[in-house]
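Structure file upload-v8.cif (mmCIF, C-alpha atoms) follows.
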```cif
data_my_file
#
loop_
_atom_site.group_PDB
_atom_site.id
_atom_site.type_symbol
_atom_site.label_atom_id
_atom_site.label_comp_id
_atom_site.auth_asym_id
_atom_site.auth_seq_id
_atom_site.Cartn_x
_atom_site.Cartn_y
_atom_site.Cartn_z
ATOM 1 C CA MET C 1 13.003 -30.251 -26.263
ATOM 2 C CA GLN C 2 15.405 -28.667 -23.784
ATOM 3 C CA LYS C 3 14.186 -28.850 -20.187
ATOM 4 C CA THR C 4 13.495 -25.474 -18.588
ATOM 5 C CA GLN C 5 15.569 -24.927 -15.457
ATOM 6 C CA LEU C 6 13.927 -23.821 -12.229
ATOM 7 C CA GLN C 7 15.099 -20.307 -11.313
ATOM 8 C CA LEU C 8 15.177 -20.477 -7.524
ATOM 9 C CA ALA C 9 16.858 -17.082 -7.100
ATOM 10 C CA GLY C 10 14.189 -15.417 -9.206
ATOM 11 C CA ALA C 11 11.285 -16.981 -7.352
ATOM 12 C CA LEU C 12 12.676 -16.650 -3.826
ATOM 13 C CA GLY C 13 14.689 -13.443 -4.120
ATOM 14 C CA HIS C 14 11.746 -11.054 -3.938
ATOM 15 C CA GLU C 15 8.854 -10.220 -1.606
ATOM 16 C CA ALA C 16 9.758 -12.833 0.979
ATOM 17 C CA ALA C 17 6.934 -11.741 3.263
ATOM 18 C CA ASP C 18 3.950 -11.984 0.893
ATOM 19 C CA LYS C 19 1.565 -14.930 0.606
ATOM 20 C CA ARG C 20 2.697 -16.505 -2.651
ATOM 21 C CA ILE C 21 4.759 -19.298 -1.116
ATOM 22 C CA ASP C 22 1.996 -19.912 1.423
ATOM 23 C CA ILE C 23 -0.593 -20.248 -1.357
ATOM 24 C CA LEU C 24 1.669 -22.594 -3.323
ATOM 25 C CA ARG C 25 2.090 -24.752 -0.237
ATOM 26 C CA ARG C 26 -1.681 -24.860 0.311
ATOM 27 C CA VAL C 27 -2.240 -25.911 -3.311
ATOM 28 C CA GLY C 28 -0.008 -28.892 -2.609
ATOM 29 C CA GLU C 29 -2.064 -29.755 0.480
ATOM 30 C CA ALA C 30 -5.562 -29.174 -0.914
ATOM 31 C CA ALA C 31 -4.972 -29.992 -4.606
ATOM 32 C CA SER C 32 -7.172 -26.984 -5.416
ATOM 33 C CA ILE C 33 -6.497 -23.329 -6.234
ATOM 34 C CA SER C 34 -9.855 -22.236 -4.830
ATOM 35 C CA GLU C 35 -9.332 -24.138 -1.557
ATOM 36 C CA ALA C 36 -5.787 -22.800 -1.240
ATOM 37 C CA ALA C 37 -6.951 -19.218 -1.806
ATOM 38 C CA ARG C 38 -9.796 -19.606 0.700
ATOM 39 C CA ALA C 39 -7.466 -21.054 3.348
ATOM 40 C CA ALA C 40 -4.950 -18.223 2.764
ATOM 41 C CA GLY C 41 -7.690 -15.603 3.138
ATOM 42 C CA VAL C 42 -7.514 -14.238 -0.415
ATOM 43 C CA SER C 43 -9.825 -14.301 -3.433
ATOM 44 C CA TYR C 44 -9.682 -16.978 -6.128
ATOM 45 C CA LYS C 45 -8.380 -14.355 -8.570
ATOM 46 C CA ALA C 46 -5.614 -13.343 -6.156
ATOM 47 C CA GLY C 47 -4.734 -17.015 -5.691
ATOM 48 C CA TRP C 48 -4.194 -17.492 -9.399
ATOM 49 C CA GLN C 49 -2.283 -14.202 -9.592
ATOM 50 C CA ALA C 50 0.054 -15.478 -6.878
ATOM 51 C CA ILE C 51 0.714 -18.753 -8.704
ATOM 52 C CA ASP C 52 1.159 -17.060 -12.084
ATOM 53 C CA THR C 53 3.602 -14.470 -10.718
ATOM 54 C CA LEU C 54 5.602 -17.062 -8.807
ATOM 55 C CA SER C 55 5.775 -19.300 -11.885
ATOM 56 C CA ASN C 56 6.998 -16.366 -13.990
ATOM 57 C CA LEU C 57 9.760 -15.652 -11.483
ATOM 58 C CA ALA C 58 10.682 -19.335 -11.299
ATOM 59 C CA GLY C 59 10.789 -19.601 -15.086
ATOM 60 C CA VAL C 60 8.877 -22.888 -15.039
ATOM 61 C CA ALA C 61 5.361 -24.123 -14.215
ATOM 62 C CA LEU C 62 4.892 -24.789 -10.503
ATOM 63 C CA VAL C 63 1.267 -25.974 -10.665
ATOM 64 C CA GLU C 64 -0.558 -28.092 -13.221
ATOM 65 C CA ARG C 65 -4.285 -28.611 -13.695
ATOM 66 C CA VAL C 66 -5.816 -32.004 -13.027
ATOM 67 C CA VAL C 67 -8.815 -32.773 -15.223
ATOM 68 C CA GLY C 68 -11.634 -35.162 -14.256
ATOM 69 C CA GLY C 69 -11.786 -37.494 -11.280
ATOM 70 C CA ALA C 70 -14.338 -37.758 -8.502
ATOM 71 C CA GLY C 71 -13.915 -34.111 -7.570
ATOM 72 C CA GLY C 72 -14.207 -32.858 -11.128
ATOM 73 C CA GLY C 73 -10.576 -31.818 -11.381
ATOM 74 C CA GLY C 74 -8.196 -29.607 -9.443
ATOM 75 C CA ALA C 75 -4.534 -28.671 -9.328
ATOM 76 C CA ARG C 76 -1.302 -30.239 -8.153
ATOM 77 C CA LEU C 77 2.296 -29.171 -7.716
ATOM 78 C CA THR C 78 4.860 -30.028 -10.347
ATOM 79 C CA ASP C 79 8.271 -31.390 -9.368
ATOM 80 C CA ALA C 80 9.562 -27.842 -9.678
ATOM 81 C CA GLY C 81 6.843 -26.614 -7.323
ATOM 82 C CA ARG C 82 7.827 -29.133 -4.664
ATOM 83 C CA GLU C 83 11.519 -28.279 -5.106
ATOM 84 C CA LEU C 84 10.737 -24.583 -4.706
ATOM 85 C CA LEU C 85 8.936 -25.234 -1.411
ATOM 86 C CA ARG C 86 11.898 -27.224 -0.071
ATOM 87 C CA ALA C 87 14.228 -24.362 -0.977
ATOM 88 C CA ALA C 88 11.856 -21.847 0.637
ATOM 89 C CA ASP C 89 11.906 -23.837 3.884
ATOM 90 C CA GLU C 90 15.708 -23.930 3.931
ATOM 91 C CA LEU C 91 15.937 -20.190 3.249
ATOM 92 C CA ALA C 92 13.402 -19.411 5.974
ATOM 93 C CA LEU C 93 15.454 -21.400 8.484
ATOM 94 C CA ALA C 94 18.716 -19.728 7.446
ATOM 95 C CA ARG C 95 17.114 -16.273 7.589
ATOM 96 C CA ALA C 96 15.728 -16.926 11.067
ATOM 97 C CA GLN C 97 19.185 -17.956 12.268
ATOM 98 C CA VAL C 98 20.817 -14.807 10.836
ATOM 99 C CA LEU C 99 18.157 -12.510 12.333
ATOM 100 C CA ALA C 100 18.553 -14.236 15.691
ATOM 101 C CA ARG C 101 22.271 -13.473 15.635
ATOM 102 C CA LEU C 102 21.562 -9.824 14.751
ATOM 103 C CA ALA C 103 18.857 -9.420 17.386
ATOM 104 C CA GLY C 104 21.335 -7.963 19.853
ATOM 105 C CA HIS C 105 22.278 -5.251 17.349
ATOM 106 C CA ALA C 106 18.762 -4.103 16.463
ATOM 107 C CA ASP C 107 19.492 -0.518 17.530
ATOM 108 C CA TYR C 108 22.295 -0.308 15.011
ATOM 109 C CA LEU C 109 20.624 -2.154 12.137
ATOM 110 C CA PRO C 110 16.938 -1.157 12.162
ATOM 111 C CA GLY C 111 16.645 -1.590 8.395
ATOM 112 C CA ALA C 112 18.680 -4.760 8.037
ATOM 113 C CA SER C 113 15.792 -6.735 6.566
ATOM 114 C CA ALA C 114 15.512 -4.269 3.675
ATOM 115 C CA LEU C 115 19.141 -4.611 2.586
ATOM 116 C CA GLY C 116 18.359 -7.670 0.473
ATOM 117 C CA LEU C 117 15.835 -5.775 -1.653
ATOM 118 C CA ARG C 118 17.283 -5.056 -5.107
ATOM 119 C CA THR C 119 15.348 -2.826 -7.465
ATOM 120 C CA SER C 120 15.901 -0.186 -10.142
ATOM 121 C CA MET C 121 13.709 2.233 -8.178
ATOM 122 C CA ARG C 122 15.970 4.833 -6.594
ATOM 123 C CA ASN C 123 13.422 6.149 -4.119
ATOM 124 C CA GLN C 124 12.912 3.742 -1.215
ATOM 125 C CA LEU C 125 11.158 5.247 1.798
ATOM 126 C CA PRO C 126 10.557 3.316 5.048
ATOM 127 C CA CYS C 127 7.026 3.913 6.276
ATOM 128 C CA THR C 128 4.111 2.459 8.213
ATOM 129 C CA VAL C 129 0.656 1.585 6.895
ATOM 130 C CA SER C 130 -1.692 4.032 8.619
ATOM 131 C CA GLY C 131 -4.877 3.434 6.646
ATOM 132 C CA LEU C 132 -6.534 1.281 3.963
ATOM 133 C CA ARG C 133 -9.578 2.290 1.912
ATOM 134 C CA ARG C 134 -11.190 0.286 -0.858
ATOM 135 C CA GLN C 135 -12.110 2.232 -3.991
ATOM 136 C CA GLY C 136 -13.809 -0.101 -6.467
ATOM 137 C CA GLN C 137 -11.254 -2.655 -7.654
ATOM 138 C CA ALA C 138 -8.411 -0.672 -6.091
ATOM 139 C CA VAL C 139 -7.186 0.011 -2.561
ATOM 140 C CA ARG C 140 -5.836 3.390 -1.490
ATOM 141 C CA VAL C 141 -3.116 2.830 1.077
ATOM 142 C CA GLU C 142 -2.137 5.614 3.459
ATOM 143 C CA LEU C 143 1.528 5.436 4.455
ATOM 144 C CA ALA C 144 3.097 7.412 7.296
ATOM 145 C CA LEU C 145 6.678 8.558 6.726
ATOM 146 C CA ALA C 146 9.079 9.814 9.342
ATOM 147 C CA GLY C 147 8.223 13.325 10.470
ATOM 148 C CA ALA C 148 4.436 12.754 10.316
ATOM 149 C CA MET C 149 4.433 13.142 6.527
ATOM 150 C CA LEU C 150 1.969 11.016 4.535
ATOM 151 C CA ILE C 151 2.246 9.411 1.110
ATOM 152 C CA PHE C 152 -0.517 7.447 -0.652
ATOM 153 C CA SER C 153 -0.316 4.417 -2.919
ATOM 154 C CA ARG C 154 -3.100 3.070 -5.139
ATOM 155 C CA ILE C 155 -2.846 -0.686 -5.775
ATOM 156 C CA THR C 156 -5.194 -3.482 -6.821
ATOM 157 C CA ARG C 157 -7.261 -5.366 -4.250
ATOM 158 C CA GLU C 158 -5.444 -8.563 -5.199
ATOM 159 C CA SER C 159 -2.047 -6.993 -4.495
ATOM 160 C CA ALA C 160 -3.255 -5.732 -1.119
ATOM 161 C CA GLU C 161 -4.498 -9.224 -0.281
ATOM 162 C CA LEU C 162 -1.257 -10.945 -1.287
ATOM 163 C CA LEU C 163 0.805 -8.505 0.773
ATOM 164 C CA ALA C 164 -1.639 -8.955 3.677
ATOM 165 C CA LEU C 165 -1.493 -5.217 4.330
ATOM 166 C CA ARG C 166 -2.746 -4.020 7.717
ATOM 167 C CA LYS C 167 -2.556 -0.884 9.840
ATOM 168 C CA GLY C 168 0.683 -0.586 11.773
ATOM 169 C CA GLN C 169 2.646 -2.724 9.312
ATOM 170 C CA GLN C 170 6.135 -1.538 8.374
ATOM 171 C CA VAL C 171 6.711 -1.424 4.613
ATOM 172 C CA LEU C 172 8.746 0.386 1.973
ATOM 173 C CA ALA C 173 7.273 2.925 -0.454
ATOM 174 C CA LEU C 174 9.120 2.762 -3.769
ATOM 175 C CA CYS C 175 8.967 4.935 -6.872
ATOM 176 C CA LYS C 176 11.120 5.669 -9.884
ATOM 177 C CA ALA C 177 12.970 8.968 -10.013
ATOM 178 C CA THR C 178 11.351 9.590 -13.406
ATOM 179 C CA ALA C 179 7.912 9.419 -11.738
ATOM 180 C CA VAL C 180 8.772 12.320 -9.408
ATOM 181 C CA LYS C 181 8.217 15.865 -10.682
ATOM 182 C CA VAL C 182 9.940 18.568 -8.617
ATOM 183 C CA SER C 183 8.956 22.232 -8.815
ATOM 184 C CA ALA C 184 8.985 25.372 -6.701
ATOM 185 C CA ILE C 185 5.217 25.294 -6.200
ATOM 186 C CA ALA C 186 2.448 22.802 -6.912
ATOM 187 C CA LEU C 187 -1.332 22.867 -6.603
ATOM 188 C CA PRO C 188 -3.240 19.984 -4.984
ATOM 189 C CA ALA C 189 -4.680 17.492 -7.477
ATOM 190 C CA GLU C 190 -6.710 14.331 -6.991
ATOM 191 C CA GLY C 191 -4.573 11.192 -6.938
ATOM 192 C CA VAL C 192 -1.284 13.093 -6.661
ATOM 193 C CA ASN C 193 1.047 13.115 -3.636
ATOM 194 C CA LEU C 194 2.642 16.448 -2.733
ATOM 195 C CA LEU C 195 5.782 16.161 -0.589
ATOM 196 C CA PRO C 196 7.460 19.441 0.446
ATOM 197 C CA GLY C 197 11.167 19.735 1.119
ATOM 198 C CA ARG C 198 14.344 21.571 0.155
ATOM 199 C CA ALA C 199 16.575 20.974 -2.834
ATOM 200 C CA SER C 200 19.909 19.478 -1.808
ATOM 201 C CA ARG C 201 21.241 18.860 -5.340
ATOM 202 C CA VAL C 202 20.087 20.536 -8.555
ATOM 203 C CA SER C 203 21.147 19.844 -12.127
ATOM 204 C CA ARG C 204 22.465 22.907 -13.968
ATOM 205 C CA ALA C 205 21.025 21.771 -17.299
ATOM 206 C CA ALA C 206 19.072 24.555 -19.015
ATOM 207 C CA GLY C 207 16.287 22.179 -19.938
ATOM 208 C CA GLY C 208 15.809 21.005 -16.381
ATOM 209 C CA GLY C 209 17.209 17.851 -14.853
ATOM 210 C CA GLU C 210 17.675 15.753 -11.765
ATOM 211 C CA VAL C 211 16.872 17.237 -8.375
ATOM 212 C CA ALA C 212 17.538 15.694 -4.968
ATOM 213 C CA LEU C 213 15.023 16.791 -2.373
ATOM 214 C CA GLN C 214 15.474 16.546 1.389
ATOM 215 C CA LEU C 215 12.191 15.816 3.126
ATOM 216 C CA GLU C 216 11.415 15.983 6.835
ATOM 217 C CA ALA C 217 13.345 13.750 9.229
ATOM 218 C CA GLY C 218 16.266 13.521 6.787
ATOM 219 C CA LEU C 219 14.522 11.455 4.110
ATOM 220 C CA GLN C 220 15.867 11.927 0.585
ATOM 221 C CA LEU C 221 13.866 11.858 -2.649
ATOM 222 C CA VAL C 222 15.173 12.082 -6.215
ATOM 223 C CA GLY C 223 13.129 13.452 -9.097
ATOM 224 C CA PHE C 224 13.285 15.751 -12.123
ATOM 225 C CA SER C 225 12.458 19.398 -12.714
ATOM 226 C CA GLY C 226 11.291 21.018 -15.924
ATOM 227 C CA PRO C 227 12.898 23.862 -17.907
ATOM 228 C CA GLY C 228 13.124 27.173 -16.087
ATOM 229 C CA SER C 229 12.268 25.711 -12.677
ATOM 230 C CA GLY C 230 14.441 28.320 -10.950
ATOM 231 C CA LEU C 231 15.441 25.778 -8.302
ATOM 232 C CA LYS C 232 18.737 26.161 -6.478
ATOM 233 C CA VAL C 233 20.375 24.275 -3.663
ATOM 234 C CA GLY C 234 18.483 25.220 -0.499
ATOM 235 C CA SER C 235 15.342 26.281 -2.371
ATOM 236 C CA ALA C 236 11.967 25.199 -1.037
ATOM 237 C CA ALA C 237 10.429 22.725 -3.472
ATOM 238 C CA VAL C 238 7.581 20.242 -3.819
ATOM 239 C CA ALA C 239 7.724 16.686 -5.187
ATOM 240 C CA GLN C 240 4.650 15.518 -7.103
ATOM 241 C CA ILE C 241 4.075 11.758 -7.375
ATOM 242 C CA ASP C 242 1.016 10.053 -8.803
ATOM 243 C CA GLU C 243 -0.462 7.632 -6.269
ATOM 244 C CA SER C 244 -0.442 4.821 -8.833
ATOM 245 C CA SER C 245 3.339 5.280 -9.245
ATOM 246 C CA VAL C 246 4.015 4.419 -5.578
ATOM 247 C CA VAL C 247 4.846 0.731 -5.163
ATOM 248 C CA ILE C 248 4.623 -1.008 -1.789
ATOM 249 C CA ALA C 249 7.245 -3.580 -0.814
ATOM 250 C CA ILE C 250 7.693 -5.723 2.263
ATOM 251 C CA ALA C 251 11.345 -6.264 3.059
ATOM 252 C CA GLY C 252 11.224 -8.954 5.665
#
```

Using the file provided, produce a representation of the structure as structure tokens.
Amino acid sequence: MQKTQLQLAGALGHEAADKRIDILRRVGEAASISEAARAAGVSYKAGWQAIDTLSNLAGVALVERVVGGAGGGGARLTDAGRELLRAADELALARAQVLARLAGHADYLPGASALGLRTSMRNQLPCTVSGLRRQGQAVRVELALAGAMLIFSRITRESAELLALRKGQQVLALCKATAVKVSAIALPAEGVNLLPGRASRVSRAAGGGEVALQLEAGLQLVGFSGPGSGLKVGSAAVAQIDESSVVIAIAG
């Protein structure tokens, strides 16, 4: 059987600031998923979600179960898991050195930490967490955009735990252009964000098409309008985005 190769770039190239690497490290120390999750301040379910996601990105198992023994079993890192942690340590050191060199240019590069984020989502909006409210198994996250505009995201409790979301935290709100509906008017609806702005680019297709919307404070949003929208460049318009379509990312 061909040996599966550890995909370091896949496992370490995303979400550098969440708790997955921390949980993996704690599994190695405690030899237990439950102990690692407890020490990291997340639920047992979130702990397993972190390990499963990280293993998927790495393309190889990072943790293996240990059956039996005095403690009744547990978990331990595989060779790939230990190699991933060594690589994470080296990357953290290199990143700290680069950021230290850029510290004197912070006024010119305020979003430098987000430049390494690669995603197919065209809409990437810098914002600040201004509120968190649990709703059953989900968390509704209030995000403040530039210009005092708000956008909401609905994510699972486990995702909120792994991102360690807190008020005042700087994050990115992401959404696909296809998840953004742009129209001249829109009525409020539960679970739907309404972001007003002005059309800066409008497709001339008769059946509707792509629309670029300029929000307050110069933010840009791309979405799609339906047939007969009547939108023109400069027209007032509203973007409608379902809260569950807004993804939260931490860039640094």

d(CA of Val141 (chain C), CA of Ala184 (chain C)) in Å: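 CA of Ala184 (chain C) lies at a distance of 26.7 Å from CA of Val141 (chain C).
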
Matched chain/residue IDs from the PyMOL selection byres ((chain C and resi 175-180) around 12), as a ChimeraX atom specification: /C:119-125,151-153,172-174,181-183,192-195,209-213,220-226,238-249

Shortest interatomic distance to Gln137 (chain C) - which of C:Thr156, C:Arg82, C:Trp48, C:Leu150, counting all atoms listed in the file: C:Thr156

Where's the centre, and what are the edge lengths in Å to one decimal, of a box along x, y and z enclosing all listed atoms of region 168-185 of chain C padded 6 Å per side, as lines of an AutoDock Vina configuration file?
```
center_x = 6.8
center_y = 11.3
center_z = -0.8
size_x = 24.3
size_y = 40.1
size_z = 37.2
```

Distance of CA of Val63 (chain C) from CA of Glu90 (chain C), expressed in Å to one decimal place: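 Computing the Euclidean distance for CA of Glu90 (chain C) and CA of Val63 (chain C) yields 20.6 Å.
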
Contacts of Arg86 (chain C) at 12 Å (all atoms listed in the file; same-chain gap of 5+ positions) as an mmCIF file with C-alpha atoms, in the coordinates of the input:
```cif
data_model
loop_
_atom_site.group_PDB
_atom_site.id
_atom_site.type_symbol
_atom_site.label_atom_id
_atom_site.label_comp_id
_atom_site.auth_asym_id
_atom_site.auth_seq_id
_atom_site.Cartn_x
_atom_site.Cartn_y
_atom_site.Cartn_z
ATOM 1 C CA LEU C 8 15.177 -20.477 -7.524
ATOM 2 C CA LEU C 12 12.676 -16.650 -3.826
ATOM 3 C CA ILE C 21 4.759 -19.298 -1.116
ATOM 4 C CA LEU C 24 1.669 -22.594 -3.323
ATOM 5 C CA ARG C 25 2.090 -24.752 -0.237
ATOM 6 C CA ASP C 79 8.271 -31.390 -9.368
ATOM 7 C CA ALA C 80 9.562 -27.842 -9.678
ATOM 8 C CA GLY C 81 6.843 -26.614 -7.323
ATOM 9 C CA LEU C 91 15.937 -20.190 3.249
ATOM 10 C CA ALA C 92 13.402 -19.411 5.974
ATOM 11 C CA LEU C 93 15.454 -21.400 8.484
#
```

d(CA of Asp22 (chain C), CA of Ser34 (chain C)) in Å: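 CA of Ser34 (chain C) lies 13.6 Å from CA of Asp22 (chain C).
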
Output check: residues returned by the PyMOL selection byres ((chain C and resi 235) around 8), as a list of chain:residue names: C:Ala184, C:Arg198, C:Ala199, C:Leu231, C:Lys232, C:Val233, C:Gly234, C:Ala236, C:Ala237

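Minimum distance to Met149 (chain C) across C:Gly168, C:Gln135, C:Ser200, C:Leu215 (counting only C-alpha atoms) occurs at C:Leu215.
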
Nearest to Glu161 (chain C) by atom-to-atom distance, counting only C-alpha atoms, from C:Ala46, C:Ala36, C:Leu143, C:Val60: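 Ranking C:Ala46, C:Ala36, C:Leu143, C:Val60 by distance to Glu161 (chain C), first place goes to C:Ala46.
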